[in-house]
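Q: Structure file target_0.pdb, PDB, C-alpha atoms, is pasted below:
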```pdb
ATOM      1  CA  MET M   1      74.864 160.668  57.240  1.00  0.00           C
ATOM      2  CA  ALA M   2      72.640 158.207  55.603  1.00  0.00           C
ATOM      3  CA  GLN M   3      71.517 155.157  57.514  1.00  0.00           C
ATOM      4  CA  LYS M   4      71.596 151.734  55.950  1.00  0.00           C
ATOM      5  CA  GLN M   5      68.411 149.745  55.832  1.00  0.00           C
ATOM      6  CA  PHE M   6      68.665 146.212  57.270  1.00  0.00           C
ATOM      7  CA  LYS M   7      67.415 143.617  54.842  1.00  0.00           C
ATOM      8  CA  PRO M   8      66.960 140.116  56.288  1.00  0.00           C
ATOM      9  CA  THR M   9      68.254 137.358  54.051  1.00  0.00           C
ATOM     10  CA  ALA M  10      66.235 134.546  55.630  1.00  0.00           C
ATOM     11  CA  PRO M  11      62.550 134.543  56.521  1.00  0.00           C
ATOM     12  CA  ILE M  12      61.795 135.209  60.187  1.00  0.00           C
ATOM     13  CA  LYS M  13      60.501 132.152  62.057  1.00  0.00           C
ATOM     14  CA  SER M  14      57.909 132.387  64.777  1.00  0.00           C
ATOM     15  CA  ALA M  15      58.968 131.755  68.361  1.00  0.00           C
ATOM     16  CA  ALA M  16      56.297 129.087  68.914  1.00  0.00           C
ATOM     17  CA  PRO M  17      57.715 125.555  68.986  1.00  0.00           C
ATOM     18  CA  THR M  18      56.631 123.254  66.227  1.00  0.00           C
ATOM     19  CA  LYS M  19      55.539 119.663  66.685  1.00  0.00           C
ATOM     20  CA  PRO M  20      58.074 117.055  65.606  1.00  0.00           C
ATOM     21  CA  ALA M  21      57.010 114.811  62.796  1.00  0.00           C
ATOM     22  CA  GLN M  22      55.353 111.685  64.146  1.00  0.00           C
ATOM     23  CA  LYS M  23      56.785 108.370  63.054  1.00  0.00           C
ATOM     24  CA  GLN M  24      54.445 105.829  61.559  1.00  0.00           C
ATOM     25  CA  VAL M  25      54.611 102.555  63.495  1.00  0.00           C
ATOM     26  CA  ASP M  26      53.834  99.430  61.560  1.00  0.00           C
ATOM     27  CA  SER M  27      51.886  97.116  63.866  1.00  0.00           C
ATOM     28  CA  SER M  28      53.112  94.032  62.014  1.00  0.00           C
ATOM     29  CA  SER M  29      56.723  94.822  62.953  1.00  0.00           C
ATOM     30  CA  LEU M  30      55.916  95.468  66.624  1.00  0.00           C
ATOM     31  CA  HIS M  31      57.970  93.084  68.772  1.00  0.00           C
ATOM     32  CA  LEU M  32      57.139  92.618  72.451  1.00  0.00           C
ATOM     33  CA  ILE M  33      59.647  91.398  75.004  1.00  0.00           C
ATOM     34  CA  PHE M  34      57.335  88.753  76.468  1.00  0.00           C
ATOM     35  CA  ASP M  35      54.976  86.428  74.671  1.00  0.00           C
ATOM     36  CA  LYS M  36      51.641  85.005  75.793  1.00  0.00           C
ATOM     37  CA  GLY M  37      53.252  82.121  77.688  1.00  0.00           C
ATOM     38  CA  ASN M  38      55.386  84.459  79.777  1.00  0.00           C
ATOM     39  CA  TYR M  39      52.366  86.486  80.828  1.00  0.00           C
ATOM     40  CA  LYS M  40      50.457  83.331  81.780  1.00  0.00           C
ATOM     41  CA  LEU M  41      53.349  82.193  83.971  1.00  0.00           C
ATOM     42  CA  LEU M  42      53.568  85.632  85.595  1.00  0.00           C
ATOM     43  CA  ILE M  43      49.859  85.594  86.440  1.00  0.00           C
ATOM     44  CA  ILE M  44      50.144  82.073  87.836  1.00  0.00           C
ATOM     45  CA  SER M  45      53.157  83.092  89.945  1.00  0.00           C
ATOM     46  CA  VAL M  46      51.256  86.059  91.400  1.00  0.00           C
ATOM     47  CA  ALA M  47      48.382  83.706  92.287  1.00  0.00           C
ATOM     48  CA  VAL M  48      50.782  81.224  93.941  1.00  0.00           C
ATOM     49  CA  VAL M  49      52.398  83.994  96.021  1.00  0.00           C
ATOM     50  CA  ALA M  50      48.964  85.269  97.063  1.00  0.00           C
ATOM     51  CA  PHE M  51      47.924  81.724  98.027  1.00  0.00           C
ATOM     52  CA  GLY M  52      51.069  81.413 100.152  1.00  0.00           C
ATOM     53  CA  PHE M  53      50.237  84.596 102.019  1.00  0.00           C
ATOM     54  CA  ILE M  54      46.680  83.369 102.550  1.00  0.00           C
ATOM     55  CA  LEU M  55      48.114  80.182 104.054  1.00  0.00           C
ATOM     56  CA  MET M  56      50.231  82.315 106.408  1.00  0.00           C
ATOM     57  CA  SER M  57      47.290  84.386 107.607  1.00  0.00           C
ATOM     58  CA  GLY M  58      44.974  83.478 110.441  1.00  0.00           C
ATOM     59  CA  THR M  59      44.883  83.859 114.202  1.00  0.00           C
ATOM     60  CA  THR M  60      44.601  80.330 115.530  1.00  0.00           C
ATOM     61  CA  ASP M  61      47.723  78.198 116.013  1.00  0.00           C
ATOM     62  CA  ILE M  62      50.791  80.429 115.492  1.00  0.00           C
ATOM     63  CA  TYR M  63      53.275  77.553 115.435  1.00  0.00           C
ATOM     64  CA  SER M  64      51.447  75.306 112.983  1.00  0.00           C
ATOM     65  CA  THR M  65      53.492  73.546 110.304  1.00  0.00           C
ATOM     66  CA  THR M  66      51.383  75.155 107.592  1.00  0.00           C
ATOM     67  CA  LYS M  67      52.239  78.682 108.718  1.00  0.00           C
ATOM     68  CA  ILE M  68      55.938  78.313 109.426  1.00  0.00           C
ATOM     69  CA  VAL M  69      57.023  75.727 106.836  1.00  0.00           C
ATOM     70  CA  ILE M  70      54.575  75.130 103.991  1.00  0.00           C
ATOM     71  CA  ALA M  71      53.371  78.710 103.370  1.00  0.00           C
ATOM     72  CA  PRO M  72      56.879  80.225 103.107  1.00  0.00           C
ATOM     73  CA  LEU M  73      57.880  77.459 100.700  1.00  0.00           C
ATOM     74  CA  VAL M  74      54.795  78.167  98.579  1.00  0.00           C
ATOM     75  CA  VAL M  75      55.666  81.889  98.505  1.00  0.00           C
ATOM     76  CA  LEU M  76      59.285  81.175  97.531  1.00  0.00           C
ATOM     77  CA  GLY M  77      58.053  78.799  94.851  1.00  0.00           C
ATOM     78  CA  GLY M  78      55.811  81.546  93.484  1.00  0.00           C
ATOM     79  CA  PHE M  79      58.734  83.975  93.369  1.00  0.00           C
ATOM     80  CA  ALA M  80      60.887  81.347  91.632  1.00  0.00           C
ATOM     81  CA  LEU M  81      58.123  80.802  89.055  1.00  0.00           C
ATOM     82  CA  GLY M  82      57.977  84.578  88.516  1.00  0.00           C
ATOM     83  CA  PHE M  83      61.734  84.774  87.905  1.00  0.00           C
ATOM     84  CA  PHE M  84      61.467  81.853  85.498  1.00  0.00           C
ATOM     85  CA  ALA M  85      58.633  83.594  83.633  1.00  0.00           C
ATOM     86  CA  ILE M  86      60.722  86.757  83.290  1.00  0.00           C
ATOM     87  CA  PHE M  87      63.875  85.006  82.085  1.00  0.00           C
ATOM     88  CA  LYS M  88      62.130  82.490  79.783  1.00  0.00           C
ATOM     89  CA  LYS M  89      62.892  83.206  76.128  1.00  0.00           C
ATOM     90  CA  PRO M  90      59.905  83.747  73.835  1.00  0.00           C
ATOM     91  CA  GLU M  91      59.184  80.799  71.574  1.00  0.00           C
ATOM     92  CA  ASN M  92      59.395  82.649  68.246  1.00  0.00           C
ATOM     93  CA  SER M  93      62.718  84.465  68.833  1.00  0.00           C
TER      94      SER M  93
END
```
Take the structure from the file and write it as structure tokens.

A:
Amino acid sequence: MAQKQFKPTAPIKSAAPTKPAQKQVDSSSLHLIFDKGNYKLLIISVAVVAFGFILMSGTTDIYSTTKIVIAPLVVLGGFALGFFAIFKKPENS
């Protein structure tokens, strides 16, 4: 009995994975979600929240109006400014 020789019809590929082709990104078409104004408002809101927590700190009079009324309102105002900065539409869209 004669044995048949196996002849591959396609070239054998190596088992090592190949890198996918990298896409070229055009920096002029790059579109960010937020613009410069949004980031400024976010930074200001973080500063306002931090200032509110500074107003709440301290060890002297626990029941002062600053600690139990004004500071929480400042913190809530900072959070409200942060939400506004996130939901504000960019100017050029």

Q: Counting all atoms listed in the file, I want the residues whose atoms come within 7 Å of (58.6, 81.9, 81.0) in the file frame, returned as a list of chain:residue names.

A: M:Gly37, M:Asn38, M:Leu41, M:Phe84, M:Ala85, M:Ile86, M:Phe87, M:Lys88, M:Lys89

Q: What gap, in Å, lies between atom CA of M:Gly77 and atom CA of M:Ile44?

A: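 Here the two named atoms are 11.1 Å from each other.
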
Q: Can you measure atom CA of M:Val49 to atom CA of M:Phe34 for me? One decimal in Å is fine.

A: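 Atom CA of M:Phe34 lies at a distance of 20.7 Å from atom CA of M:Val49.
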
Q: Pick out the residues sitting within 8 Å of stretch 72-76 of chain M, and hand them over as a list in words; count all atoms listed in the file, and ignore anything fewer than 3 positions along from it in its own chain.

A: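 Everything that qualifies: Val48, Val49, Ala50, Phe51, Gly52, Phe53, Met56, Lys67, Ile68, Val69, Phe79 and Ala80 of chain M.
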
Q: Please report the interatomic distance between atom CA of M:Gly78 and atom CA of M:Ile62 in Å with one decimal.

A: 22.6 Å

Q: Please write out, as lines of an AutoDock Vina configuration file, where the centre of an axis-aligned box around all listed atoms of stretch 36-48 of chain M lies and how long its edges are, in Å to one decimal, after adding 5 Å on each side.

A:
```
center_x = 51.9
center_y = 83.9
center_z = 84.9
size_x = 17.0
size_y = 15.3
size_z = 28.1
```

Q: Could you tell me which of M:Pro20, M:Leu42, M:Glu91, M:Ile70 comes closest to M:Leu55 if we count only C-alpha atoms?

A: M:Ile70

Q: Quick one: of M:Ile54, M:Ser64, M:Thr9, M:Phe83, who's nearest to M:Tyr39, counting only C-alpha atoms?

A: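 Nearest candidate to M:Tyr39 out of M:Ile54, M:Ser64, M:Thr9, M:Phe83: M:Phe83.
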
Q: Could you rebuild stretch 48-59 of chain M with all heavy atoms and give me the result as a short mmCIF file (atom, residue, chain, number, x, y, z; two decimals), in the coordinates of the input?

A:
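Okay, this is what ended up in out16.cif:
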```cif
data_model
loop_
_atom_site.label_atom_id
_atom_site.label_comp_id
_atom_site.auth_asym_id
_atom_site.auth_seq_id
_atom_site.Cartn_x
_atom_site.Cartn_y
_atom_site.Cartn_z
N VAL M 48 50.13 82.13 93.00
CA VAL M 48 50.78 81.22 93.94
C VAL M 48 51.31 82.00 95.15
O VAL M 48 51.18 81.55 96.30
CB VAL M 48 51.91 80.43 93.23
CG1 VAL M 48 52.79 79.70 94.23
CG2 VAL M 48 51.33 79.46 92.24
N VAL M 49 51.90 83.18 94.91
CA VAL M 49 52.40 83.99 96.02
C VAL M 49 51.23 84.44 96.90
O VAL M 49 51.32 84.39 98.14
CB VAL M 49 53.20 85.20 95.49
CG1 VAL M 49 53.49 86.20 96.59
CG2 VAL M 49 54.50 84.74 94.86
N ALA M 50 50.14 84.85 96.29
CA ALA M 50 48.96 85.27 97.06
C ALA M 50 48.41 84.11 97.88
O ALA M 50 48.03 84.28 99.05
CB ALA M 50 47.89 85.83 96.13
N PHE M 51 48.39 82.90 97.29
CA PHE M 51 47.92 81.72 98.03
C PHE M 51 48.83 81.43 99.21
O PHE M 51 48.37 81.06 100.29
CB PHE M 51 47.85 80.52 97.08
CG PHE M 51 47.40 79.26 97.76
CD1 PHE M 51 46.11 79.14 98.25
CD2 PHE M 51 48.27 78.20 97.92
CE1 PHE M 51 45.70 77.97 98.87
CE2 PHE M 51 47.87 77.04 98.54
CZ PHE M 51 46.57 76.92 99.02
N GLY M 52 50.13 81.61 99.05
CA GLY M 52 51.07 81.41 100.15
C GLY M 52 50.82 82.38 101.29
O GLY M 52 50.88 82.00 102.46
N PHE M 53 50.53 83.62 100.97
CA PHE M 53 50.24 84.60 102.02
C PHE M 53 48.90 84.29 102.69
O PHE M 53 48.75 84.53 103.89
CB PHE M 53 50.26 86.02 101.47
CG PHE M 53 51.64 86.58 101.34
CD1 PHE M 53 52.19 86.84 100.09
CD2 PHE M 53 52.40 86.85 102.46
CE1 PHE M 53 53.47 87.36 99.97
CE2 PHE M 53 53.68 87.36 102.35
CZ PHE M 53 54.22 87.62 101.10
N ILE M 54 47.96 83.77 101.94
CA ILE M 54 46.68 83.37 102.55
C ILE M 54 46.91 82.22 103.52
O ILE M 54 46.32 82.17 104.60
CB ILE M 54 45.65 83.00 101.46
CG1 ILE M 54 45.21 84.26 100.72
CG2 ILE M 54 44.45 82.28 102.05
CD1 ILE M 54 44.39 84.01 99.49
N LEU M 55 47.79 81.28 103.14
CA LEU M 55 48.11 80.18 104.05
C LEU M 55 48.78 80.69 105.34
O LEU M 55 48.60 80.11 106.41
CB LEU M 55 49.05 79.17 103.37
CG LEU M 55 48.44 78.24 102.34
CD1 LEU M 55 49.53 77.38 101.71
CD2 LEU M 55 47.37 77.36 102.96
N MET M 56 49.55 81.77 105.23
CA MET M 56 50.23 82.32 106.41
C MET M 56 49.29 83.09 107.32
O MET M 56 49.60 83.30 108.49
CB MET M 56 51.36 83.26 105.97
CG MET M 56 52.67 82.58 105.78
SD MET M 56 53.98 83.80 105.60
CE MET M 56 54.36 83.60 103.90
N SER M 57 48.18 83.55 106.79
CA SER M 57 47.29 84.39 107.61
C SER M 57 46.48 83.52 108.57
O SER M 57 46.45 82.30 108.49
CB SER M 57 46.36 85.19 106.71
OG SER M 57 45.46 84.32 106.07
N GLY M 58 45.80 84.17 109.46
CA GLY M 58 44.97 83.48 110.44
C GLY M 58 45.42 83.80 111.85
O GLY M 58 46.52 84.31 112.08
N THR M 59 44.56 83.51 112.82
CA THR M 59 44.88 83.86 114.20
C THR M 59 44.92 82.65 115.13
O THR M 59 45.21 82.80 116.30
CB THR M 59 43.83 84.84 114.74
OG1 THR M 59 42.54 84.24 114.63
CG2 THR M 59 43.86 86.15 113.96
#
```
